[in-house]
Structure formats: structure tokens, C-alpha cells
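Here's the structure, in C-alpha cells; my notes come after.
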Amino acid sequence: MKINKICCIGAGYVGGPTMAVIAKMNPNIQVTIVDINQERIDAWNDDDVSKLPVYEPGLPEIVKETRGKNLHFSTEIDKAIDEAEMVFISVNTPTKTYGKGKGMAADLKYVELCARNIADVAKTDKIVVEKSTLPVRTAHAIKSILDNIGGEVKFDILSNPEFLAEGTAIQDLLKPDRVLIGGESKEAIEALASIYGSWVPQDQILRTNVWSSELSKLTANAFLAQRISSINAISELCEHTEANVSEVARAIGMDSRIGPKFLNASIGFGGSCFQKDILNLVYIARSYGLNEVADYWEQVIILNDHQKRRFSDKLITTLYNTVSGKKIAMLGWAFKKDTNDTRESAAIYVADHLLSEQASIAVYDPKVPKAKVYADLNYLNTRLEKENEELVEVFNNPYEAIKDAHAIAIMTEWDEFKSYDWNKIYNLMKKPAFIFDGRRLLDKNSIEKIGFKYFTIGQ
Ligand code: UDX
């Protein structure tokens, strides 16, 4: 089956970059990304590509090259679905905030709405590709909706999980370790494989059944997050002994069975995937009565929450057991560097804890806008929005954020933080000047030489 037109529902962190790369590598395929959010579509269509709604190195160049030729952004969802032979569902599947499975299960509301939308509009056969991370057996549910309201039209469902990491999305897409396609229909699988085949070698395109594909995505994220929780657990032990977590990580990482990646001790992992996917895995395991399996994976989350909590506890006890009325400057709000995404960022939870201790917080992040910081805190519902506004200030300039602060908390590993004038910063701060480095970013010796009281994870 030859695909000439693709529609992708959802213009977010996955849909945007993925479709941009598919369009770049397949100039003969017309790709349309649709979204109900007019503002977001307008931003994708902005002449100034530095204003794209997703900040991702390398993305503006590709959008510039393909947009208007074979990459289009639109709010005309029905039209795009109708014309396409292949429809990607790339909408968000947040953790449920209500009802059964609250705080654990994935909310499939948006996915179901997409399926119903496709069923209502489709007049010709379609291949429907689930790109959103979904619990195992969701493809089954999508198929049932499509078959029951889609009339005469034939639908093939594929699971094609995305493994890109934010901040390196374009590189990850251009040179993926593997592409995974799960499905029943061989023809549909090969149609998608040939699209990726224009730049990914065939032996790196794995074909599996739908459920293996769905479960592999949850498992990959669970394993990655587990590595971080494992090294973070060791980081606490290092702080109580004379060991240094970087040295331990290096020593174990050189064992080829363990490998060197993803062993950076940190303030705790954030992002839209790890926590959500593990909670999903835990929920599914429990729903099958597999309590030991559920408990095993849940511990990864428990350790991660502990890591964030003990960081803010350490800050408070070091500041003579009180941060009330003290200015704490937070460098970084994004969940990692090179992204403007803040979902589940450790910074939000650390700030919330410090605010409950009546600290006043000054935030600086190179890419996160002011409104996002307030929205993240308000979403937690810990205190009135008015109180968040009074206690939190967001700055466009790091030195202003730091001026008169009692302590700096480094929350994100942005490269630019390393090149700041730390002598100048020392002079701007209240004394003793404390730095709590949640990312092991600065060089302890040179920072202490300036006069700072420096605390870092795992040392
Ligand atoms: C992750 C997966 O890597 C990706 O394959 C999947 O598709 C989506 O989820 P992402 O959330 O974008 O990607 O970022 P990732 O680089 O995996 O980092 C997740 C979090 O872990 C970040 O907060 C990061 O700072 C933290 N992290 C990562 C560590 O604390 N230590 C590490 O060694 C690595």
C-alpha cells in the first residue's frame, strides 16, 4: 500500500518533531499536523521559526525547509483525516486526575475522542497509528471503536511508540536505535516500515505484535527510570560515606553489561513519560492481581519522590532550619536542559515544598516563560494562586534572580549556568552564600574557592 498523505492528530512535543522529520525524509508524502488548539497551530505557522511552540535544537531548520511544501499545520481536523491514508494519533495521555485509577491510570479520553473523530469522518480505508504512549491493549479498544462506528471502512491499527527524548529529538529521530512497529496486518506494517525505510536501515525496524509493542514502550521507560532511581539511591549513601557518586557511576558504567549512560545522579527524573508510564505499568500489574510486580516498579517512583524531598529538606536544614522570608534563587525550571517542557519537573516540587516553608522563590530559566511557572505551581493546588504570585518571582536575567538571595538551587543542567560569572554572583548574594547543586553541574573546588558553601548530590 502506497501512502501519499499522512495526517497527525496532536501538534505537541512528539507529533511536531516526528512529522517534521518524516516530511523531510519523504518529500513525496504530504504530511498535515492538526490540533484543536488554534494558538498552537498559529505558532507552528509563524514566519519566525524561533517562535515554534516546541523548543528543540535543529527543529526550526527542518520546519523552515518543509513547511508549506509537504508539511502543513492546520486546525481543519476532519479534512486532514478524510484525505489521509494513514492517521497518527499523537495526543497526550496524562495520568487520570479523577475517578477510578486516579493518580495512576492513563486518561484515554483524548485518544478515544480521536478514534471517534476518525470513525465519523473516514470514507476510505485507513491505517491508524498509535504514537501516544498507551497502556497495553489500547489498540484493541481503538479498533473496537473504529469498527463499531466506522461503517464499511476498513481500519488497520498499528502501535508505533516514539523513543525520542526531548532536547535531542531531532538527532534521535534521524538516527534512532530502533523503530518499533506492532500490528496485525502485514501490509499495514510494511506501509509504515517503508516510510521509516527512507532513512532507517531495515534491520533496525522491528516488527512485533501490537501488545509487545505497547508493552515495550512502557518497559523501556521503566528500565531507564529505574537506572536513575538506582544511582540516586546510591547518591544518598555516598553523602553519608566518603564515596563520590560520579566515581561510582564511572566505575560501574565501564562494565559493558551495565553501560555508562543514564547514570547521572540528580534531583530526580521529571518529564512527561517516566512517572506516567511507570504508574501505568503499576496500575496494569495491580489490575491483574500482580502485587509483587506492581510494588517492584512502584519503588522507582517512591525513590524519585524521596530524592526531590530530601534535596529541599537538606536546603532547609542547612539554612539554619528556616527559609521563611528568605530569597531562594532557582536556576532552571525545565525538567532537563534544551527543552521548554516543564512537565513533572523536579523544580516544581522542590519550589512547592520551599513555599510551604514560606520561602520566597526567584526563578530563572532560559526557555520557560513566566506564565508557565505560575501555571505549574497553581496546578498543584497547594495554596491560593494569589499566594503563589506573592511568593514567586520569575526573572529574565539570572543575576537579577540571584541578587540578595540566601541560596541558589540548581534545578536544570543548562550549559549556560556553567559559564556564569560566579565571582560576581557571590558578591550579589547574602552571606554565607549557599549553592545546592541538584545537577552536579559546577566544579566543587573552584566554587568553594570563591567562598560559596556548596552542596551537591552524592558527594
Ligand atoms: C524519555 C525517554 O528517554 C524517551 O525514550 C521516551 O520516548 C520519553 O521519555 P525524556 O523524558 O524526553 O525522554 O528525557 P530523558 O532524557 O529520558 O530524561 C528524563 C529525566 O531523567 C530528566 O528529568 C533528566 O534530567 C533525568 N535524568 C536522565 C537523570 O536524572 N539522570 C540521567 O542519567 C538521565
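Simple scheme: letters A, B, ... for chains in C-alpha cells order, numbers from 1 for residues in each chain, numbers from 1 for ligands in the order shown.
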Region 226-261 of chain A near region 274-296 of chain A within 12 Å: what's each residue's closest atom pair and its distance in Å to one decimal, counting only C-alpha atoms, ordered by chain then ascending residue number, as CSV?
residue,atom,partner,partner_atom,distance
A:Gln226,CA,A:Phe274,CA,9.3
A:Arg227,CA,A:Phe274,CA,11.4
A:Ile228,CA,A:Phe274,CA,10.5
A:Ser229,CA,A:Phe274,CA,11.1
Which residues form the shell of 6 Å around ligand 1 when you count only C-alpha atoms and all ligand atoms, given as a tab-separated table (two decimals) with N, CA, C and O atoms, in the first residue's frame?
chain	number	residue	atom	x	y	z
A	162	GLU	N	7.09	6.11	20.28
A	162	GLU	CA	8.17	7.04	19.99
A	162	GLU	C	9.20	6.96	21.11
A	162	GLU	O	8.87	7.02	22.27
A	163	PHE	N	10.46	6.83	20.73
A	163	PHE	CA	11.52	6.73	21.74
A	163	PHE	C	12.37	7.99	21.85
A	163	PHE	O	13.38	8.01	22.53
A	164	LEU	N	11.99	9.04	21.13
A	164	LEU	CA	12.83	10.24	21.18
A	164	LEU	C	12.81	10.86	22.57
A	164	LEU	O	11.83	10.75	23.30
A	165	ALA	N	13.92	11.47	22.94
A	165	ALA	CA	13.99	12.22	24.20
A	165	ALA	C	13.97	13.70	23.85
A	165	ALA	O	14.55	14.12	22.84
A	166	GLU	N	13.31	14.49	24.67
A	166	GLU	CA	13.25	15.92	24.39
A	166	GLU	C	14.63	16.54	24.54
A	166	GLU	O	15.44	16.09	25.36
A	221	ASN	N	10.83	2.75	29.21
A	221	ASN	CA	10.86	3.91	30.11
A	221	ASN	C	11.03	3.47	31.56
A	221	ASN	O	11.72	4.14	32.34
A	228	ILE	N	18.01	5.59	36.91
A	228	ILE	CA	18.19	6.87	37.59
A	228	ILE	C	17.89	6.70	39.08
A	228	ILE	O	18.64	7.16	39.94
A	262	PHE	N	22.96	7.15	31.31
A	262	PHE	CA	21.84	7.27	32.25
A	262	PHE	C	22.21	6.92	33.68
A	262	PHE	O	21.46	6.28	34.40
A	263	LEU	N	23.40	7.33	34.07
A	263	LEU	CA	23.84	7.11	35.45
A	263	LEU	C	24.18	8.42	36.13
A	263	LEU	O	24.98	8.45	37.05
A	264	ASN	N	23.59	9.53	35.65
A	264	ASN	CA	23.83	10.81	36.31
A	264	ASN	C	22.90	10.97	37.50
A	264	ASN	O	21.69	11.09	37.33
A	265	ALA	N	23.49	10.98	38.69
A	265	ALA	CA	22.67	11.23	39.87
A	265	ALA	C	22.11	12.64	39.75
A	265	ALA	O	22.77	13.54	39.23
A	266	SER	N	20.90	12.84	40.21
A	266	SER	CA	20.25	14.13	40.01
A	266	SER	C	19.25	14.39	41.11
A	266	SER	O	19.08	13.62	42.05
A	268	GLY	N	16.32	14.05	40.70
A	268	GLY	CA	15.18	13.18	40.41
A	268	GLY	C	14.72	13.38	38.99
A	268	GLY	O	14.80	14.49	38.47
A	269	PHE	N	14.25	12.32	38.37
A	269	PHE	CA	13.81	12.47	36.97
A	269	PHE	C	12.47	13.19	36.91
A	269	PHE	O	11.66	13.12	37.82
A	270	GLY	N	12.27	13.91	35.81
A	270	GLY	CA	10.98	14.54	35.52
A	270	GLY	C	10.58	14.18	34.10
A	270	GLY	O	11.08	13.19	33.55
A	271	GLY	N	9.73	15.01	33.51
A	271	GLY	CA	9.32	14.76	32.14
A	271	GLY	C	7.96	14.09	32.07
A	271	GLY	O	7.45	13.61	33.06
A	272	SER	N	7.45	14.08	30.86
A	272	SER	CA	6.07	13.63	30.69
A	272	SER	C	5.95	12.11	30.68
A	272	SER	O	4.86	11.57	30.75
A	273	CYS	N	7.07	11.41	30.59
A	273	CYS	CA	6.97	9.97	30.32
A	273	CYS	C	7.24	9.06	31.51
A	273	CYS	O	6.44	8.18	31.81
A	274	PHE	N	8.38	9.23	32.15
A	274	PHE	CA	8.82	8.21	33.11
A	274	PHE	C	7.79	7.92	34.20
A	274	PHE	O	7.37	6.79	34.40
A	335	PHE	N	12.42	20.36	32.90
A	335	PHE	CA	12.75	19.06	33.53
A	335	PHE	C	14.11	18.54	33.11
A	335	PHE	O	14.65	17.62	33.71
A	336	LYS	N	14.70	19.15	32.07
A	336	LYS	CA	16.06	18.86	31.65
A	336	LYS	C	16.51	20.00	30.74
A	336	LYS	O	15.69	20.86	30.39
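Distance-wise, CA of Arg343 (chain A) and CA of Leu384 (chain A) end up 20.6 Å apart.
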| field | Point-to-point distance from CA of Thr412 (chain A) to CA of Lys337 (chain A), Å rounded to tenths | value |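 One can read the CA of Thr412 (chain A) to CA of Lys337 (chain A) distance as 6.0 Å.
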| request: Tell me which protein, DNA and RNA residues are within 10 Å of region 49-59 of chain A, counting only C-alpha atoms, leaving out same-chain ones fewer than 4 positions away, and put them as a count of residues only. | output: 31
| task | Could you jot down the CA of Lys430 (chain A) to CA of Thr322 (chain A) separation for me, Å, one decimal place? | result |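 For CA of Lys430 (chain A) relative to CA of Thr322 (chain A), the distance reads 15.0 Å.
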| message | Using only C-alpha atoms, which protein or nucleic acid residues come within 9 Å of Lys453 (chain A)? Drop anything in the same chain fewer than 3 positions from it, and give the result as an NGL selection string. | response | :A and (432-436 or 447-448)
| query | What lies within 7 Å of region 311-320 of chain A using only C-alpha atoms, ignoring chain neighbours under 4 positions off, as a VMD selection string? | reply | chain A and resid 267 307 350 353 to 354 436
Expected file: the selected residues, N, CA and C atoms, as an mmCIF file, in the first residue's frame:
data_model
loop_
_atom_site.group_PDB
_atom_site.id
_atom_site.type_symbol
_atom_site.label_atom_id
_atom_site.label_comp_id
_atom_site.auth_asym_id
_atom_site.auth_seq_id
_atom_site.Cartn_x
_atom_site.Cartn_y
_atom_site.Cartn_z
ATOM 1 N N ILE A 267 18.563 15.479 40.924
ATOM 2 C CA ILE A 267 17.474 15.890 41.802
ATOM 3 C C ILE A 267 16.260 14.970 41.638
ATOM 4 N N GLN A 307 14.001 11.548 46.520
ATOM 5 C CA GLN A 307 15.172 12.315 46.078
ATOM 6 C C GLN A 307 14.870 13.811 46.017
ATOM 7 N N VAL A 350 10.178 20.877 44.344
ATOM 8 C CA VAL A 350 11.101 21.500 45.296
ATOM 9 C C VAL A 350 10.581 22.901 45.651
ATOM 10 N N HIS A 353 7.582 22.731 48.013
ATOM 11 C CA HIS A 353 7.970 22.409 49.378
ATOM 12 C C HIS A 353 8.557 23.639 50.071
ATOM 13 N N LEU A 354 9.425 24.344 49.378
ATOM 14 C CA LEU A 354 10.048 25.533 49.971
ATOM 15 C C LEU A 354 9.008 26.632 50.226
ATOM 16 N N PHE A 436 23.042 24.879 46.223
ATOM 17 C CA PHE A 436 22.602 23.485 46.272
ATOM 18 C C PHE A 436 22.488 23.020 44.833
#
| request: Compile the contact shell of Val128 (chain A) as number ranges by chain: residues with an atom at most 10 Å away, counting only C-alpha atoms, same-chain residues fewer than 4 positions apart removed. | output: A: 7-8, 85-89, 115, 118, 139, 142-143, 146, 155-159, 188
| Could you write out, as an MDAnalysis selection string, all the residues of region 249-346 of chain A that DSSP marks as helix (DSSP H, G or I)? | chainID A and resid 249:253 274:287 291:318 346
Selection near Ser132 (chain A), 8 Å with only C-alpha atoms, sequence-local residues under 2 positions removed, as a PDB file with C-alpha atoms, in the first residue's frame:
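The new file part08.pdb reads:
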ATOM      1  CA  ILE A  89      -2.719   9.685  16.977  1.00  0.00           C
ATOM      2  CA  SER A  90      -0.243  11.751  18.945  1.00  0.00           C
ATOM      3  CA  VAL A  91      -2.318  13.361  21.661  1.00  0.00           C
ATOM      4  CA  ASN A  92      -1.429  13.468  25.320  1.00  0.00           C
ATOM      5  CA  THR A  93      -2.451  10.709  27.702  1.00  0.00           C
ATOM      6  CA  GLU A 130      -0.907   4.992  17.867  1.00  0.00           C
ATOM      7  CA  LEU A 134      -0.682   3.883  25.817  1.00  0.00           C
ATOM      8  CA  PRO A 161       5.875   4.048  20.067  1.00  0.00           C
ATOM      9  CA  GLU A 162       8.174   7.041  19.989  1.00  0.00           C
TER      10      GLU A 162
END
| request: Report as an NGL selection string: the residues of region 219-452 of chain A with a DSSP assignment of strand (DSSP E or B), based on the backbone of this structure. | output: :A and (327-331 or 360-364 or 392-395 or 407-410 or 434-437)
Output for the residues just chosen: N, CA and C atoms as an mmCIF file, in the first residue's frame:
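Listed below is the output, result-v2.cif:
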data_model
loop_
_atom_site.group_PDB
_atom_site.id
_atom_site.type_symbol
_atom_site.label_atom_id
_atom_site.label_comp_id
_atom_site.auth_asym_id
_atom_site.auth_seq_id
_atom_site.Cartn_x
_atom_site.Cartn_y
_atom_site.Cartn_z
ATOM 1 N N LYS A 327 15.071 34.635 50.431
ATOM 2 C CA LYS A 327 15.003 34.507 48.970
ATOM 3 C C LYS A 327 15.860 33.332 48.516
ATOM 4 N N ILE A 328 15.241 32.413 47.816
ATOM 5 C CA ILE A 328 15.962 31.276 47.239
ATOM 6 C C ILE A 328 15.884 31.412 45.716
ATOM 7 N N ALA A 329 17.043 31.461 45.071
ATOM 8 C CA ALA A 329 17.050 31.591 43.601
ATOM 9 C C ALA A 329 17.114 30.209 42.973
ATOM 10 N N MET A 330 16.153 29.903 42.117
ATOM 11 C CA MET A 330 16.172 28.611 41.434
ATOM 12 C C MET A 330 16.646 28.804 40.008
ATOM 13 N N LEU A 331 17.745 28.164 39.670
ATOM 14 C CA LEU A 331 18.249 28.227 38.299
ATOM 15 C C LEU A 331 17.725 27.013 37.552
ATOM 16 N N SER A 360 10.709 32.794 49.821
ATOM 17 C CA SER A 360 10.314 33.494 48.594
ATOM 18 C C SER A 360 11.247 33.021 47.492
ATOM 19 N N ILE A 361 10.646 32.673 46.366
ATOM 20 C CA ILE A 361 11.379 31.975 45.316
ATOM 21 C C ILE A 361 11.576 32.890 44.112
ATOM 22 N N ALA A 362 12.809 32.928 43.612
ATOM 23 C CA ALA A 362 13.106 33.678 42.388
ATOM 24 C C ALA A 362 13.545 32.677 41.331
ATOM 25 N N VAL A 363 12.831 32.645 40.225
ATOM 26 C CA VAL A 363 13.106 31.625 39.212
ATOM 27 C C VAL A 363 13.744 32.255 37.981
ATOM 28 N N TYR A 364 14.766 31.587 37.458
ATOM 29 C CA TYR A 364 15.268 31.945 36.133
ATOM 30 C C TYR A 364 15.456 30.662 35.322
ATOM 31 N N VAL A 392 6.426 34.036 44.570
ATOM 32 C CA VAL A 392 7.318 33.621 43.478
ATOM 33 C C VAL A 392 7.508 34.764 42.485
ATOM 34 N N GLU A 393 8.760 35.003 42.143
ATOM 35 C CA GLU A 393 9.040 35.977 41.091
ATOM 36 C C GLU A 393 9.819 35.284 39.979
ATOM 37 N N VAL A 394 9.504 35.603 38.738
ATOM 38 C CA VAL A 394 10.204 34.965 37.623
ATOM 39 C C VAL A 394 10.989 36.037 36.877
ATOM 40 N N PHE A 395 12.261 35.768 36.626
ATOM 41 C CA PHE A 395 13.152 36.777 36.035
ATOM 42 C C PHE A 395 13.622 36.375 34.635
ATOM 43 N N ALA A 407 20.325 31.570 49.043
ATOM 44 C CA ALA A 407 20.811 30.319 48.444
ATOM 45 C C ALA A 407 20.394 30.227 46.991
ATOM 46 N N ILE A 408 21.205 29.465 46.235
ATOM 47 C CA ILE A 408 20.863 29.139 44.847
ATOM 48 C C ILE A 408 20.583 27.647 44.795
ATOM 49 N N ALA A 409 19.502 27.271 44.118
ATOM 50 C CA ALA A 409 19.248 25.848 43.884
ATOM 51 C C ALA A 409 19.320 25.618 42.374
ATOM 52 N N ILE A 410 20.248 24.761 41.954
ATOM 53 C CA ILE A 410 20.364 24.468 40.512
ATOM 54 C C ILE A 410 19.468 23.279 40.197
ATOM 55 N N PHE A 434 25.009 30.141 49.837
ATOM 56 C CA PHE A 434 24.876 28.695 49.647
ATOM 57 C C PHE A 434 24.505 28.341 48.211
ATOM 58 N N ILE A 435 25.080 27.259 47.723
ATOM 59 C CA ILE A 435 24.624 26.700 46.442
ATOM 60 C C ILE A 435 24.237 25.241 46.672
ATOM 61 N N PHE A 436 23.042 24.879 46.223
ATOM 62 C CA PHE A 436 22.602 23.485 46.272
ATOM 63 C C PHE A 436 22.488 23.020 44.833
ATOM 64 N N ASP A 437 23.407 22.175 44.445
ATOM 65 C CA ASP A 437 23.522 21.809 43.030
ATOM 66 C C ASP A 437 22.811 20.472 42.790
#
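Using only C-alpha atoms for every distance, the candidate list A:Ala220, A:Ala405, A:Leu173, A:Ile425 yields A:Ala405 as the residue closest to Ala359 (chain A).
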| request: Go through A:Ile22, A:Ile62, A:Leu441, A:Ala119 and flag the residue nearest Ser246 (chain A), using only C-alpha atoms for the distances. | output: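 Comparing A:Ile22, A:Ile62, A:Leu441, A:Ala119 against Ser246 (chain A), the winner is A:Leu441.
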What are the closest atom pairs, with distances in Å to one decimal, for each residue of region 127-186 of chain A lying within 8 Å of region 198-206 of chain A, using only C-alpha atoms, rows by chain and rising residue number, as CSV?
residue,atom,partner,partner_atom,distance
A:Leu174,CA,A:Trp199,CA,7.5
A:Lys175,CA,A:Val200,CA,7.4
A:Pro176,CA,A:Val200,CA,7.6
A:Asp177,CA,A:Gln204,CA,7.1
A:Arg178,CA,A:Gln204,CA,4.8
A:Val179,CA,A:Ile205,CA,4.7
A:Leu180,CA,A:Leu206,CA,4.9
A:Ile181,CA,A:Leu206,CA,6.1
Dump N, CA, C and O atoms for the selected residues as a short mmCIF file (atom, residue, chain, number, x, y, z; two decimals), in the first residue's frame?
data_model
loop_
_atom_site.label_atom_id
_atom_site.label_comp_id
_atom_site.auth_asym_id
_atom_site.auth_seq_id
_atom_site.Cartn_x
_atom_site.Cartn_y
_atom_site.Cartn_z
N LEU A 174 16.51 11.20 13.61
CA LEU A 174 17.32 10.97 12.41
C LEU A 174 18.15 9.70 12.53
O LEU A 174 18.42 9.04 11.55
N LYS A 175 18.58 9.40 13.76
CA LYS A 175 19.42 8.21 13.97
C LYS A 175 18.87 7.38 15.12
O LYS A 175 19.49 7.29 16.19
N PRO A 176 17.70 6.79 14.93
CA PRO A 176 17.10 6.04 16.05
C PRO A 176 17.85 4.74 16.31
O PRO A 176 18.39 4.14 15.38
N ASP A 177 17.90 4.30 17.57
CA ASP A 177 18.47 2.98 17.88
C ASP A 177 17.63 1.91 17.20
O ASP A 177 18.15 0.92 16.72
N ARG A 178 16.33 2.11 17.24
CA ARG A 178 15.41 1.22 16.53
C ARG A 178 14.07 1.92 16.35
O ARG A 178 13.75 2.88 17.06
N VAL A 179 13.30 1.42 15.37
CA VAL A 179 11.92 1.85 15.20
C VAL A 179 11.09 0.60 15.47
O VAL A 179 11.43 -0.48 15.02
N LEU A 180 10.02 0.78 16.23
CA LEU A 180 9.21 -0.37 16.61
C LEU A 180 7.80 -0.24 16.02
O LEU A 180 7.15 0.79 16.18
N ILE A 181 7.39 -1.27 15.30
CA ILE A 181 6.04 -1.25 14.72
C ILE A 181 5.32 -2.52 15.14
O ILE A 181 5.76 -3.64 14.83
#
